[in-house]
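**Student:** Okay, here's the structure, questions in a sec.
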Amino acid sequence: MSWQDKKLEYEERMARAKGKDLRLMCTICGEKAKLNCPCGTTQYCTVACQKVDWRERGHRKACKKIRDERAAEAARAEAPPKEVFYGPAPRSHADEVRARIAAEHEAARARREANPEPVPLWERHGPRCPICFGGWDPNEPRGMQTCCMRQTCMNCTTKIGANPCPLCRTPVARSAAECVARLRRHPDMPEALGQLGQSYLRGTLGLVKSAKKAAKLFKRAVELGDPDAMVNLGSMYCAGHGVKLDRKKAMQLIRMAADRGYAIAQYNLSNFEGLSVEESLKYLQLAADQGLSMAERALGDRFEGGVGVQRDLEEAKRWWDRAATRAKNPGIVQLF
């Protein structure tokens with residue numbers, strides 16, 4: 001122990017001794033105390049000193065106040081404890097958002113049940129790019145503006161770059177966190193839910209990779225009718241990634257997207273095991289008619305081998321030529 005610590009300890013001990021001596025002395029004259037005040041804070045040597053303190057210095061009111069406070073505190077300590085009601089926790093802002101999202105999902109489900117006909121893919125995003133007015137190419141992935149959730153062709157997305165959105169004039173997101181915040185502002189739009197699901201599935205935009213969270217977001221987007229989410233969730237069910245393995249559920253989801261005219265879903269469904277040759281050929285033909293190069297190449301192989309159709313080398317060559325004239329894009333990946 002250093003000398004500074006010893007000095008401090010000595011000063012504290014002397015202060016306690018001095019306080020003890022003061023408590024043994026009369027508050028008025030300083031003589032040895034013989035009488036204690038009812039409040040216990042002062043002492044007196046005689047009744048005369050007590051009268052001086054009570055009448056001239058006003059200690060009577062202070063003494064009464066101290067005693068009343070002590071009595072009230074003792075009464076509170078002796079009183080039985082109040083009955084506690086353990087009810088539900090107060091609803092937070094997050095609970096309100098979840099309730100609103102659930103109500104929107106229920107409304108979307110009711111609309112789908114009222115109109116069982118599948119909504120075509122082009123009906124939501126239009127038959128062409130909203131910037132260059134060029135038709136959608138099924139062989140190229142589409143870009144999406146996180147500010148207004150509008151899809152654009154890859155050529156226009158590349159040209160936009162770091163410039164403001166040409167559709168709503170919103171500045172480009174300055175960071176991945178801002179991009180995620182913009183997506184979370186649209187919990188009722190399937191495009192935003194699908195993009196968040198892709199980010200969780202791949203671990204992009206600064207999010208921790210989580211297949212379970214991705215599957216949950218894809219399920220919400222599927223309820224709102226997003227064909228991309230149907231294909232992604234179907235591939236997860238087919239591989240048992242993040243969800244329980246269920247090939248029947250996977251086929252159901254892929255078929256839902258294919259019935260909406262999604263070329264990738266039609267091609268994947270044509271390669272699905274358990275599908276009849278006639279039905280497989282039907283979906284492959286639909287995908288090839290939309291210009292999907294993979295479907296055109298596969299259809300040419302079927303005509304060459306006579307699988308489900310009459311063998312025709314001329315027809316096979318025609319489909320191969322169509323597939324060869326289209327630019328190969330590595331963004332299109334076969335899921336099955």
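Ligands are numbered from 1 in the order shown, residues from 1 within each chain, and chains are lettered A, B, ... in the order they appear in the structure tokens.
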Could you pull out all residues of segment 85-247 of chain A with a DSSP call of alpha helix (DSSP H) and give them as a ChimeraX atom specification?

**Tutor:** /A:93-114,121-125,154-160,176-184,190-202,211-223,227-239,247

**Student:** Contacts of Val52 of chain A at 12 Å or less, counting only C-alpha atoms, minus same-chain residues fewer than 5 places along, as a ChimeraX atom specification?

**Tutor:** /A:26-29,44-47,57-60

**Student:** Produce a file of the selected residues containing N, CA and C atoms, as a PDB file, in the first residue's frame.

**Tutor:**
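Saved result, again_25.pdb, follows:
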```
ATOM      1  N   CYS A  26     -23.834  18.260  22.700  1.00  0.00           N
ATOM      2  CA  CYS A  26     -25.078  19.018  22.592  1.00  0.00           C
ATOM      3  C   CYS A  26     -25.030  19.875  21.339  1.00  0.00           C
ATOM      4  N   THR A  27     -26.139  19.915  20.597  1.00  0.00           N
ATOM      5  CA  THR A  27     -26.202  20.674  19.358  1.00  0.00           C
ATOM      6  C   THR A  27     -26.144  22.176  19.618  1.00  0.00           C
ATOM      7  N   ILE A  28     -26.582  22.649  20.831  1.00  0.00           N
ATOM      8  CA  ILE A  28     -26.665  24.078  21.121  1.00  0.00           C
ATOM      9  C   ILE A  28     -25.388  24.600  21.783  1.00  0.00           C
ATOM     10  N   CYS A  29     -24.994  23.955  22.904  1.00  0.00           N
ATOM     11  CA  CYS A  29     -23.873  24.505  23.674  1.00  0.00           C
ATOM     12  C   CYS A  29     -22.586  23.691  23.540  1.00  0.00           C
ATOM     13  N   TYR A  44     -29.127  16.892  23.060  1.00  0.00           N
ATOM     14  CA  TYR A  44     -29.108  18.064  23.933  1.00  0.00           C
ATOM     15  C   TYR A  44     -28.577  17.648  25.295  1.00  0.00           C
ATOM     16  N   CYS A  45     -28.027  18.671  25.990  1.00  0.00           N
ATOM     17  CA  CYS A  45     -27.545  18.406  27.346  1.00  0.00           C
ATOM     18  C   CYS A  45     -28.651  18.616  28.378  1.00  0.00           C
ATOM     19  N   THR A  46     -29.538  19.618  28.134  1.00  0.00           N
ATOM     20  CA  THR A  46     -30.651  19.888  29.058  1.00  0.00           C
ATOM     21  C   THR A  46     -31.899  20.206  28.259  1.00  0.00           C
ATOM     22  N   VAL A  47     -33.034  20.298  28.977  1.00  0.00           N
ATOM     23  CA  VAL A  47     -34.293  20.652  28.341  1.00  0.00           C
ATOM     24  C   VAL A  47     -34.260  22.079  27.830  1.00  0.00           C
ATOM     25  N   ARG A  57     -34.917  27.992  16.624  1.00  0.00           N
ATOM     26  CA  ARG A  57     -34.307  27.511  15.377  1.00  0.00           C
ATOM     27  C   ARG A  57     -35.277  26.714  14.499  1.00  0.00           C
ATOM     28  N   GLY A  58     -36.493  26.454  14.973  1.00  0.00           N
ATOM     29  CA  GLY A  58     -37.511  25.809  14.159  1.00  0.00           C
ATOM     30  C   GLY A  58     -37.304  24.316  13.921  1.00  0.00           C
ATOM     31  N   HIS A  59     -36.614  23.650  14.888  1.00  0.00           N
ATOM     32  CA  HIS A  59     -36.388  22.221  14.694  1.00  0.00           C
ATOM     33  C   HIS A  59     -37.650  21.390  14.938  1.00  0.00           C
ATOM     34  N   ARG A  60     -38.706  22.010  15.569  1.00  0.00           N
ATOM     35  CA  ARG A  60     -39.923  21.264  15.848  1.00  0.00           C
ATOM     36  C   ARG A  60     -40.555  20.740  14.538  1.00  0.00           C
TER      37      ARG A  60
END
```

**Student:** Show which residues sit within 12 Å of Tyr237 of chain A, as a PyMOL selection string. Count only C-alpha atoms, and ignore same-chain residues fewer than 4 positions away.

**Tutor:** chain A and resi 211-212+215+218-219+230-233+241-254+335-336
